[in-house]
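Note: the block below is entry_8.cif and it holds mmCIF, N, CA and C atoms.
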```
data_upload
loop_
_atom_site.label_atom_id
_atom_site.label_comp_id
_atom_site.auth_asym_id
_atom_site.auth_seq_id
_atom_site.Cartn_x
_atom_site.Cartn_y
_atom_site.Cartn_z
N SER M 1 0.82 -1.19 0.00
CA SER M 1 0.00 0.00 0.00
C SER M 1 0.87 1.26 0.00
N SER M 2 1.93 1.25 0.80
CA SER M 2 2.83 2.41 0.87
C SER M 2 3.55 2.63 -0.46
N VAL M 3 3.98 1.55 -1.10
CA VAL M 3 4.67 1.65 -2.39
C VAL M 3 3.71 2.22 -3.44
N ASN M 4 2.48 1.74 -3.45
CA ASN M 4 1.49 2.26 -4.41
C ASN M 4 1.23 3.74 -4.18
N MET M 5 1.12 4.14 -2.91
CA MET M 5 0.89 5.56 -2.60
C MET M 5 2.08 6.40 -3.03
N ALA M 6 3.28 5.91 -2.78
CA ALA M 6 4.49 6.65 -3.18
C ALA M 6 4.55 6.81 -4.69
N LEU M 7 4.20 5.75 -5.44
CA LEU M 7 4.19 5.83 -6.90
C LEU M 7 3.14 6.83 -7.38
N SER M 8 1.98 6.83 -6.75
CA SER M 8 0.92 7.75 -7.11
C SER M 8 1.34 9.20 -6.87
N ILE M 9 1.97 9.45 -5.75
CA ILE M 9 2.45 10.81 -5.43
C ILE M 9 3.52 11.22 -6.42
N GLN M 10 4.44 10.31 -6.74
CA GLN M 10 5.49 10.62 -7.71
C GLN M 10 4.89 10.96 -9.07
N ASN M 11 3.92 10.18 -9.52
CA ASN M 11 3.29 10.44 -10.82
C ASN M 11 2.59 11.80 -10.84
N ARG M 12 1.90 12.14 -9.77
CA ARG M 12 1.22 13.44 -9.71
C ARG M 12 2.21 14.59 -9.73
N LEU M 13 3.31 14.42 -9.03
CA LEU M 13 4.34 15.46 -9.00
C LEU M 13 4.97 15.65 -10.38
N VAL M 14 5.32 14.55 -11.04
CA VAL M 14 5.89 14.63 -12.39
C VAL M 14 4.88 15.25 -13.35
N ALA M 15 3.62 14.82 -13.26
CA ALA M 15 2.57 15.34 -14.15
C ALA M 15 2.39 16.84 -13.96
N ALA M 16 2.40 17.30 -12.71
CA ALA M 16 2.25 18.74 -12.45
C ALA M 16 3.41 19.53 -13.06
N GLY M 17 4.62 19.00 -12.93
CA GLY M 17 5.78 19.67 -13.54
C GLY M 17 5.71 19.70 -15.05
N LEU M 18 5.29 18.60 -15.66
CA LEU M 18 5.16 18.54 -17.12
C LEU M 18 4.06 19.47 -17.61
N ALA M 19 2.97 19.56 -16.86
CA ALA M 19 1.88 20.46 -17.25
C ALA M 19 2.35 21.91 -17.20
N GLN M 20 3.05 22.29 -16.13
CA GLN M 20 3.54 23.66 -16.02
C GLN M 20 4.59 23.95 -17.10
N GLU M 21 5.43 22.98 -17.40
CA GLU M 21 6.42 23.16 -18.46
C GLU M 21 5.74 23.46 -19.79
N GLY M 22 4.63 22.79 -20.08
CA GLY M 22 3.89 23.06 -21.32
C GLY M 22 3.44 24.50 -21.42
N ILE M 23 2.93 25.04 -20.31
CA ILE M 23 2.52 26.45 -20.28
C ILE M 23 3.72 27.36 -20.51
N GLU M 24 4.82 27.06 -19.86
CA GLU M 24 6.02 27.91 -19.97
C GLU M 24 6.58 27.92 -21.39
N VAL M 25 6.50 26.80 -22.09
CA VAL M 25 6.96 26.75 -23.48
C VAL M 25 6.13 27.70 -24.34
N VAL M 26 4.82 27.66 -24.18
CA VAL M 26 3.95 28.56 -24.96
C VAL M 26 4.22 30.01 -24.59
N ARG M 27 4.40 30.29 -23.31
CA ARG M 27 4.72 31.66 -22.87
C ARG M 27 6.04 32.13 -23.49
N THR M 28 7.01 31.25 -23.57
CA THR M 28 8.31 31.60 -24.17
C THR M 28 8.15 31.94 -25.65
N ILE M 29 7.32 31.19 -26.36
CA ILE M 29 7.08 31.49 -27.78
C ILE M 29 6.44 32.87 -27.91
N ARG M 30 5.44 33.16 -27.06
CA ARG M 30 4.82 34.49 -27.06
C ARG M 30 5.85 35.58 -26.81
N ASP M 31 6.67 35.40 -25.78
CA ASP M 31 7.67 36.40 -25.43
C ASP M 31 8.70 36.57 -26.54
N HIS M 32 9.09 35.47 -27.17
CA HIS M 32 10.06 35.54 -28.27
C HIS M 32 9.53 36.42 -29.41
N ASN M 33 8.23 36.33 -29.67
CA ASN M 33 7.64 37.17 -30.72
C ASN M 33 7.89 38.65 -30.47
N TRP M 34 7.89 39.06 -29.24
CA TRP M 34 8.08 40.47 -28.89
C TRP M 34 9.52 40.92 -28.98
N PHE M 35 10.47 40.01 -28.75
CA PHE M 35 11.85 40.42 -28.60
C PHE M 35 12.70 40.26 -29.86
N LEU M 36 12.05 40.03 -30.98
CA LEU M 36 12.77 39.99 -32.25
C LEU M 36 13.13 41.41 -32.68
N MET M 37 14.08 41.53 -33.59
CA MET M 37 14.47 42.85 -34.10
C MET M 37 13.25 43.57 -34.69
N ALA M 38 12.41 42.83 -35.39
CA ALA M 38 11.14 43.37 -35.89
C ALA M 38 10.05 42.60 -35.17
N PRO M 39 9.56 43.13 -34.04
CA PRO M 39 8.59 42.39 -33.22
C PRO M 39 7.37 41.92 -34.02
N LEU M 40 6.90 40.74 -33.65
CA LEU M 40 5.72 40.14 -34.28
C LEU M 40 4.53 40.28 -33.35
N PRO M 41 3.31 40.11 -33.86
CA PRO M 41 2.15 40.07 -32.97
C PRO M 41 2.35 38.97 -31.92
N PHE M 42 1.84 39.20 -30.73
CA PHE M 42 2.08 38.30 -29.61
C PHE M 42 1.66 36.86 -29.88
N ASP M 43 0.65 36.66 -30.73
CA ASP M 43 0.11 35.32 -30.95
C ASP M 43 0.62 34.65 -32.23
N THR M 44 1.68 35.18 -32.83
CA THR M 44 2.26 34.56 -34.01
C THR M 44 2.74 33.15 -33.66
N GLY M 45 2.29 32.17 -34.43
CA GLY M 45 2.66 30.79 -34.18
C GLY M 45 1.85 30.12 -33.08
N LEU M 46 0.85 30.82 -32.55
CA LEU M 46 0.03 30.29 -31.46
C LEU M 46 -1.44 30.24 -31.85
N ALA M 47 -1.70 29.63 -32.99
CA ALA M 47 -3.08 29.54 -33.50
C ALA M 47 -3.91 28.61 -32.61
N PRO M 48 -5.21 28.84 -32.55
CA PRO M 48 -6.07 27.93 -31.79
C PRO M 48 -5.91 26.49 -32.31
N GLY M 49 -5.88 25.54 -31.39
CA GLY M 49 -5.73 24.14 -31.75
C GLY M 49 -5.11 23.34 -30.62
N THR M 50 -4.76 22.10 -30.91
CA THR M 50 -4.10 21.22 -29.94
C THR M 50 -2.71 20.85 -30.45
N TYR M 51 -1.76 20.80 -29.52
CA TYR M 51 -0.36 20.68 -29.90
C TYR M 51 0.44 19.80 -28.95
N LEU M 52 1.62 19.40 -29.45
CA LEU M 52 2.68 18.79 -28.65
C LEU M 52 3.78 19.83 -28.46
N VAL M 53 4.41 19.82 -27.31
CA VAL M 53 5.60 20.65 -27.10
C VAL M 53 6.60 19.86 -26.26
N VAL M 54 7.85 20.25 -26.36
CA VAL M 54 8.89 19.77 -25.46
C VAL M 54 9.57 20.99 -24.87
N TRP M 55 10.43 20.77 -23.93
CA TRP M 55 11.02 21.85 -23.14
C TRP M 55 11.68 22.94 -23.98
N ASN M 56 12.24 22.60 -25.13
CA ASN M 56 12.97 23.59 -25.94
C ASN M 56 12.26 23.92 -27.25
N SER M 57 10.96 23.69 -27.32
CA SER M 57 10.21 23.98 -28.55
C SER M 57 10.23 25.47 -28.86
N THR M 58 10.46 25.77 -30.13
CA THR M 58 10.36 27.16 -30.59
C THR M 58 9.14 27.34 -31.50
N SER M 59 8.46 26.24 -31.75
CA SER M 59 7.21 26.26 -32.51
C SER M 59 6.37 25.09 -32.04
N LEU M 60 5.10 25.11 -32.42
CA LEU M 60 4.18 24.07 -31.98
C LEU M 60 4.03 22.99 -33.03
N THR M 61 3.84 21.75 -32.57
CA THR M 61 3.63 20.60 -33.44
C THR M 61 2.22 20.09 -33.21
N SER M 62 1.52 19.74 -34.28
CA SER M 62 0.16 19.23 -34.16
C SER M 62 0.10 18.06 -33.19
N PHE M 63 -0.96 18.03 -32.41
CA PHE M 63 -1.12 16.99 -31.38
C PHE M 63 -1.24 15.60 -31.99
N GLN M 64 -0.54 14.68 -31.39
CA GLN M 64 -0.65 13.24 -31.66
C GLN M 64 -0.71 12.58 -30.30
N ASP M 65 -1.52 11.58 -30.17
CA ASP M 65 -1.70 10.89 -28.90
C ASP M 65 -0.53 9.95 -28.66
N THR M 66 0.59 10.52 -28.19
CA THR M 66 1.83 9.76 -28.05
C THR M 66 2.44 9.99 -26.67
N PHE M 67 3.21 9.01 -26.21
CA PHE M 67 3.82 9.08 -24.90
C PHE M 67 5.08 9.93 -24.90
N LEU M 68 5.34 10.56 -23.76
CA LEU M 68 6.60 11.24 -23.53
C LEU M 68 7.65 10.20 -23.12
N TYR M 69 8.92 10.50 -23.43
CA TYR M 69 10.05 9.65 -23.05
C TYR M 69 10.95 10.42 -22.09
N PHE M 70 11.51 9.70 -21.14
CA PHE M 70 12.42 10.30 -20.16
C PHE M 70 13.84 9.88 -20.47
N HIS M 71 14.75 10.86 -20.46
CA HIS M 71 16.17 10.61 -20.73
C HIS M 71 16.93 10.67 -19.41
N ASP M 72 17.40 9.52 -18.96
CA ASP M 72 18.14 9.43 -17.69
C ASP M 72 19.37 10.33 -17.68
N ASN M 73 20.06 10.41 -18.80
CA ASN M 73 21.32 11.16 -18.84
C ASN M 73 21.12 12.67 -18.73
N THR M 74 19.95 13.19 -19.10
CA THR M 74 19.71 14.63 -19.02
C THR M 74 18.60 15.00 -18.05
N GLY M 75 17.74 14.05 -17.73
CA GLY M 75 16.60 14.34 -16.87
C GLY M 75 15.48 15.06 -17.59
N LEU M 76 15.51 15.04 -18.94
CA LEU M 76 14.51 15.76 -19.74
C LEU M 76 13.50 14.80 -20.36
N TYR M 77 12.34 15.34 -20.67
CA TYR M 77 11.27 14.59 -21.32
C TYR M 77 11.09 15.11 -22.74
N ASP M 78 10.90 14.19 -23.69
CA ASP M 78 10.59 14.59 -25.06
C ASP M 78 9.91 13.42 -25.77
N TYR M 79 9.81 13.49 -27.10
CA TYR M 79 9.14 12.45 -27.87
C TYR M 79 10.13 11.58 -28.65
N ASN M 80 11.41 11.66 -28.31
CA ASN M 80 12.45 10.91 -28.99
C ASN M 80 12.73 9.62 -28.22
N ALA M 81 12.39 8.49 -28.82
CA ALA M 81 12.51 7.20 -28.14
C ALA M 81 13.94 6.67 -28.06
N LEU M 82 14.87 7.25 -28.84
CA LEU M 82 16.24 6.76 -28.82
C LEU M 82 16.87 6.99 -27.45
N THR M 83 17.44 5.96 -26.89
CA THR M 83 18.13 5.99 -25.59
C THR M 83 17.27 6.61 -24.49
N ALA M 84 15.97 6.36 -24.52
CA ALA M 84 15.08 6.94 -23.52
C ALA M 84 14.12 5.88 -23.01
N ILE M 85 13.49 6.21 -21.91
CA ILE M 85 12.53 5.31 -21.27
C ILE M 85 11.13 5.85 -21.52
N GLU M 86 10.25 5.01 -22.07
CA GLU M 86 8.87 5.45 -22.27
C GLU M 86 8.20 5.65 -20.92
N THR M 87 7.48 6.76 -20.79
CA THR M 87 6.75 7.04 -19.56
C THR M 87 5.27 6.77 -19.78
N PRO M 88 4.47 6.79 -18.75
CA PRO M 88 3.03 6.64 -18.94
C PRO M 88 2.33 7.94 -19.30
N PHE M 89 3.10 9.04 -19.43
CA PHE M 89 2.53 10.37 -19.57
C PHE M 89 2.34 10.80 -21.03
N LYS M 90 1.21 11.47 -21.27
CA LYS M 90 0.94 12.13 -22.55
C LYS M 90 0.61 13.59 -22.23
N ARG M 91 1.09 14.51 -23.09
CA ARG M 91 0.83 15.93 -22.86
C ARG M 91 0.11 16.52 -24.07
N LYS M 92 -0.94 17.27 -23.80
CA LYS M 92 -1.69 17.96 -24.85
C LYS M 92 -1.83 19.43 -24.46
N ILE M 93 -1.38 20.29 -25.37
CA ILE M 93 -1.52 21.73 -25.21
C ILE M 93 -2.70 22.17 -26.06
N THR M 94 -3.63 22.90 -25.46
CA THR M 94 -4.78 23.43 -26.19
C THR M 94 -4.76 24.95 -26.09
N ILE M 95 -4.85 25.60 -27.25
CA ILE M 95 -4.86 27.06 -27.30
C ILE M 95 -6.19 27.52 -27.87
N ALA M 96 -6.80 28.47 -27.18
CA ALA M 96 -8.04 29.10 -27.64
C ALA M 96 -7.84 30.60 -27.65
N LYS M 97 -8.26 31.26 -28.71
CA LYS M 97 -8.16 32.71 -28.79
C LYS M 97 -9.45 33.31 -28.25
N LEU M 98 -9.37 33.98 -27.10
CA LEU M 98 -10.55 34.54 -26.47
C LEU M 98 -10.87 35.95 -26.98
N SER M 99 -9.84 36.68 -27.40
CA SER M 99 -10.02 38.02 -27.97
C SER M 99 -8.76 38.38 -28.73
N ASP M 100 -8.70 39.57 -29.27
CA ASP M 100 -7.51 40.01 -30.00
C ASP M 100 -6.29 40.14 -29.10
N VAL M 101 -6.52 40.20 -27.79
CA VAL M 101 -5.41 40.40 -26.85
C VAL M 101 -5.28 39.31 -25.81
N GLU M 102 -6.03 38.20 -25.96
CA GLU M 102 -6.00 37.16 -24.93
C GLU M 102 -6.08 35.76 -25.53
N LEU M 103 -5.17 34.90 -25.05
CA LEU M 103 -5.18 33.48 -25.39
C LEU M 103 -5.39 32.68 -24.11
N LYS M 104 -6.18 31.63 -24.20
CA LYS M 104 -6.29 30.66 -23.10
C LYS M 104 -5.46 29.45 -23.49
N VAL M 105 -4.54 29.08 -22.62
CA VAL M 105 -3.65 27.95 -22.87
C VAL M 105 -3.90 26.91 -21.79
N GLU M 106 -4.20 25.69 -22.21
CA GLU M 106 -4.35 24.57 -21.28
C GLU M 106 -3.28 23.54 -21.58
N SER M 107 -2.68 23.04 -20.53
CA SER M 107 -1.68 21.98 -20.64
C SER M 107 -2.20 20.81 -19.82
N GLU M 108 -2.51 19.71 -20.49
CA GLU M 108 -3.07 18.56 -19.80
C GLU M 108 -2.14 17.35 -19.92
N ILE M 109 -1.88 16.73 -18.79
CA ILE M 109 -1.08 15.51 -18.73
C ILE M 109 -2.03 14.38 -18.35
N THR M 110 -1.99 13.30 -19.11
CA THR M 110 -2.81 12.13 -18.80
C THR M 110 -1.92 10.91 -18.67
N TRP M 111 -2.35 9.96 -17.85
CA TRP M 111 -1.64 8.70 -17.70
C TRP M 111 -2.57 7.66 -17.08
N GLN M 112 -2.15 6.42 -17.19
CA GLN M 112 -2.87 5.30 -16.58
C GLN M 112 -2.10 4.87 -15.34
N GLU M 113 -2.83 4.65 -14.27
CA GLU M 113 -2.20 4.23 -13.03
C GLU M 113 -3.07 3.15 -12.39
N ARG M 114 -2.54 1.94 -12.30
CA ARG M 114 -3.27 0.81 -11.73
C ARG M 114 -4.65 0.63 -12.37
N GLY M 115 -4.68 0.77 -13.71
CA GLY M 115 -5.90 0.55 -14.46
C GLY M 115 -6.88 1.70 -14.46
N ARG M 116 -6.49 2.84 -13.90
CA ARG M 116 -7.38 4.00 -13.85
C ARG M 116 -6.76 5.18 -14.58
N SER M 117 -7.59 5.94 -15.26
CA SER M 117 -7.12 7.14 -15.95
C SER M 117 -6.91 8.27 -14.95
N ARG M 118 -5.79 8.93 -15.08
CA ARG M 118 -5.45 10.08 -14.23
C ARG M 118 -5.12 11.26 -15.12
N SER M 119 -5.27 12.46 -14.58
CA SER M 119 -4.89 13.64 -15.36
C SER M 119 -4.61 14.82 -14.45
N VAL M 120 -3.80 15.72 -14.95
CA VAL M 120 -3.52 17.01 -14.33
C VAL M 120 -3.66 18.03 -15.44
N LYS M 121 -4.41 19.10 -15.18
CA LYS M 121 -4.59 20.14 -16.18
C LYS M 121 -4.26 21.50 -15.56
N VAL M 122 -3.47 22.28 -16.29
CA VAL M 122 -3.10 23.63 -15.88
C VAL M 122 -3.62 24.59 -16.94
N GLU M 123 -4.18 25.71 -16.51
CA GLU M 123 -4.70 26.71 -17.44
C GLU M 123 -4.03 28.06 -17.16
N GLU M 124 -3.70 28.75 -18.23
CA GLU M 124 -3.08 30.08 -18.13
C GLU M 124 -3.70 30.96 -19.20
N HIS M 125 -3.84 32.24 -18.89
CA HIS M 125 -4.30 33.21 -19.88
C HIS M 125 -3.12 34.10 -20.21
N LEU M 126 -2.77 34.16 -21.50
CA LEU M 126 -1.68 34.99 -21.97
C LEU M 126 -2.25 36.20 -22.66
N PHE M 127 -1.68 37.36 -22.38
CA PHE M 127 -2.21 38.62 -22.91
C PHE M 127 -1.18 39.32 -23.77
N ASP M 128 -1.66 40.16 -24.65
CA ASP M 128 -0.83 41.06 -25.43
C ASP M 128 -0.70 42.36 -24.63
N TRP M 129 0.12 42.34 -23.60
CA TRP M 129 0.23 43.48 -22.72
C TRP M 129 1.36 44.43 -23.09
N LYS M 130 2.16 44.03 -24.05
CA LYS M 130 3.33 44.85 -24.40
C LYS M 130 2.95 45.97 -25.32
#
```

Please express what this file holds, its structure, as structure tokens.
Amino acid sequence: SSVNMALSIQNRLVAAGLAQEGIEVVRTIRDHNWFLMAPLPFDTGLAPGTYLVVWNSTSLTSFQDTFLYFHDNTGLYDYNALTAIETPFKRKITIAKLSDVELKVESEITWQERGRSRSVKVEEHLFDWK
């Protein structure tokens, strides 16, 4: 029972970190649009839809229902199966345009644990405040 509880807590902690990382990647893309020599609109490359991202994404990739992989040597998660361990986690980023100056970004992590579906979802609103 203790081992199962520890695994459940570990999975929730990892899922929360992966969900927050998804939000931060989208925020970084928004911020990058502003800091170019010729600034772009804040939502360039952030069209409404569902996407995959990894920690160093500079653009969004269309969503595919695929597992994240963990790299022991770097401690990073991505979709590259070479020299990595498949995890139970899947990440989906959903972007909705609420107005000309506001995007709603959801980062959802899903996984199976002891035959039950689990999920963590984080929501952030990004604005064109610059």

- What do you get, as a list in words, if you spell out every residue that the PyMOL selection byres ((chain M and resi 124) around 7) selects here? Ile23, Leu103, Lys104, Val105, Glu106, Ser107, Val122, Glu123, His125 and Leu126 of chain M

- Task: Identify, with DSSP run on backbone atoms, the residues in range 3-105 of chain M assigned to alpha helix (DSSP H), and express the list as JSON, numbers by chain.
- Result: {"M": [3, 4, 5, 6, 7, 8, 9, 10, 11, 12, 13, 14, 15, 16, 17, 18, 19, 20, 21, 22, 23, 24, 25, 26, 27, 28, 29, 30, 31, 32, 33, 34]}

- In Å to one decimal, how far is CA of Asn33 in chain M from CA of Gly75 in chain M?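 CA of Asn33 in chain M lies at a distance of 28.2 Å from CA of Gly75 in chain M.
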
- Item | Residue IDs satisfying the PyMOL selection byres ((chain M and resi 45-53) around 7), as an MDAnalysis selection string | chainID M and resid 22 42:44 54:57 59:64 78 91:97

- For CA of Glu108 in chain M and CA of Ile85 in chain M, the interatomic separation in Å (one decimal): 20.5 Å

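With all atoms listed in the file taken into account, the protein and nucleic acid residues at most 6 Å from His71 in chain M (excluding it and anything under 2 positions from it in its own chain) are Tyr69, Asn73, Thr74, Gly75, Leu76, Tyr77, Thr83, Ala84 and Ile85 of chain M.
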
- Task: In Å, rounded to a single decimal, give me how far atom N of Tyr79 in chain M is from CA of Glu113 in chain M.
- Result: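 Computed distance, CA of Glu113 in chain M to atom N of Tyr79 in chain M, equals 20.7 Å.
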
- Message: I'd like the contact shell of Phe67 in chain M - 6 Å cut-off, all atoms listed in the file, skipping same-chain residues fewer than 3 positions apart - returned as number ranges by chain.
- Response: M: 79, 87-90

Box in all listed atoms of range 16-24 of chain M, axis-aligned, with 5 Å more on each side; write out centre and edge lengths in Å to one decimal as JSON.
```
{"center_x": 4.2, "center_y": 22.6, "center_z": -16.9, "size_x": 14.7, "size_y": 20.6, "size_z": 19.0}
```

- Task: Select from range 1-128 of chain M everything DSSP, run on the backbone, classes as strand (DSSP E), then give the selection as number ranges by chain.
- Result: M: 49-52, 61-62, 69-71, 76-78, 85-86, 90-99, 102-113, 116-127

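Closest approach to Leu18 in chain M among M:Ile109, M:Ala6, M:Leu40, M:Leu82 is made by M:Ile109 (distances from only N, CA and C atoms).
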
Once all heavy atoms are restored for range 115-125 of chain M, what would the output be as a CSV table (one decimal), in the coordinates of the input?
```csv
chain,number,residue,atom,x,y,z
M,115,GLY,N,-4.7,0.8,-13.7
M,115,GLY,CA,-5.9,0.6,-14.5
M,115,GLY,C,-6.9,1.7,-14.5
M,115,GLY,O,-8.0,1.6,-15.0
M,116,ARG,N,-6.5,2.8,-13.9
M,116,ARG,CA,-7.4,4.0,-13.8
M,116,ARG,C,-6.8,5.2,-14.6
M,116,ARG,O,-5.5,5.4,-14.5
M,116,ARG,CB,-7.7,4.4,-12.4
M,116,ARG,CG,-8.4,3.3,-11.6
M,116,ARG,CD,-8.6,3.6,-10.2
M,116,ARG,NE,-9.5,4.8,-10.0
M,116,ARG,CZ,-9.7,5.3,-8.9
M,116,ARG,NH1,-9.1,4.9,-7.8
M,116,ARG,NH2,-10.4,6.4,-8.8
M,117,SER,N,-7.6,5.9,-15.3
M,117,SER,CA,-7.1,7.1,-16.0
M,117,SER,C,-6.9,8.3,-15.0
M,117,SER,O,-7.8,8.5,-14.1
M,117,SER,CB,-8.1,7.6,-17.0
M,117,SER,OG,-8.3,6.6,-18.0
M,118,ARG,N,-5.8,8.9,-15.1
M,118,ARG,CA,-5.4,10.1,-14.2
M,118,ARG,C,-5.1,11.3,-15.1
M,118,ARG,O,-4.7,11.1,-16.3
M,118,ARG,CB,-4.2,9.8,-13.4
M,118,ARG,CG,-4.4,8.6,-12.5
M,118,ARG,CD,-5.3,8.9,-11.3
M,118,ARG,NE,-5.3,7.8,-10.4
M,118,ARG,CZ,-6.2,7.6,-9.5
M,118,ARG,NH1,-7.1,8.5,-9.3
M,118,ARG,NH2,-6.1,6.6,-8.6
M,119,SER,N,-5.3,12.5,-14.6
M,119,SER,CA,-4.9,13.6,-15.4
M,119,SER,C,-4.6,14.8,-14.4
M,119,SER,O,-5.1,14.9,-13.3
M,119,SER,CB,-6.0,14.0,-16.4
M,119,SER,OG,-7.1,14.5,-15.7
M,120,VAL,N,-3.8,15.7,-15.0
M,120,VAL,CA,-3.5,17.0,-14.3
M,120,VAL,C,-3.7,18.0,-15.4
M,120,VAL,O,-3.1,17.9,-16.5
M,120,VAL,CB,-2.1,17.1,-13.7
M,120,VAL,CG1,-1.7,18.5,-13.3
M,120,VAL,CG2,-2.0,16.1,-12.6
M,121,LYS,N,-4.4,19.1,-15.2
M,121,LYS,CA,-4.6,20.1,-16.2
M,121,LYS,C,-4.3,21.5,-15.6
M,121,LYS,O,-4.7,21.8,-14.4
M,121,LYS,CB,-6.0,20.2,-16.7
M,121,LYS,CG,-6.2,21.2,-17.8
M,121,LYS,CD,-7.7,21.3,-18.3
M,121,LYS,CE,-8.1,20.1,-19.1
M,121,LYS,NZ,-9.4,20.3,-19.7
M,122,VAL,N,-3.5,22.3,-16.3
M,122,VAL,CA,-3.1,23.6,-15.9
M,122,VAL,C,-3.6,24.6,-16.9
M,122,VAL,O,-3.5,24.3,-18.1
M,122,VAL,CB,-1.6,23.8,-15.7
M,122,VAL,CG1,-1.2,25.2,-15.4
M,122,VAL,CG2,-1.0,22.8,-14.7
M,123,GLU,N,-4.2,25.7,-16.5
M,123,GLU,CA,-4.7,26.7,-17.4
M,123,GLU,C,-4.0,28.1,-17.2
M,123,GLU,O,-3.8,28.4,-16.0
M,123,GLU,CB,-6.2,26.9,-17.3
M,123,GLU,CG,-6.8,27.9,-18.2
M,123,GLU,CD,-8.3,28.0,-18.0
M,123,GLU,OE1,-9.0,27.0,-18.0
M,123,GLU,OE2,-8.8,29.1,-17.8
M,124,GLU,N,-3.7,28.8,-18.2
M,124,GLU,CA,-3.1,30.1,-18.1
M,124,GLU,C,-3.7,31.0,-19.2
M,124,GLU,O,-4.0,30.5,-20.3
M,124,GLU,CB,-1.6,30.0,-18.3
M,124,GLU,CG,-0.8,31.3,-18.2
M,124,GLU,CD,-0.7,31.8,-16.8
M,124,GLU,OE1,-0.8,31.0,-15.9
M,124,GLU,OE2,-0.5,33.0,-16.6
M,125,HIS,N,-3.8,32.2,-18.9
M,125,HIS,CA,-4.3,33.2,-19.9
M,125,HIS,C,-3.1,34.1,-20.2
M,125,HIS,O,-2.5,34.7,-19.3
M,125,HIS,CB,-5.5,34.0,-19.3
M,125,HIS,CG,-6.7,33.2,-19.2
M,125,HIS,ND1,-7.8,33.4,-20.0
M,125,HIS,CD2,-7.0,32.2,-18.3
M,125,HIS,CE1,-8.7,32.5,-19.6
M,125,HIS,NE2,-8.3,31.7,-18.6
```
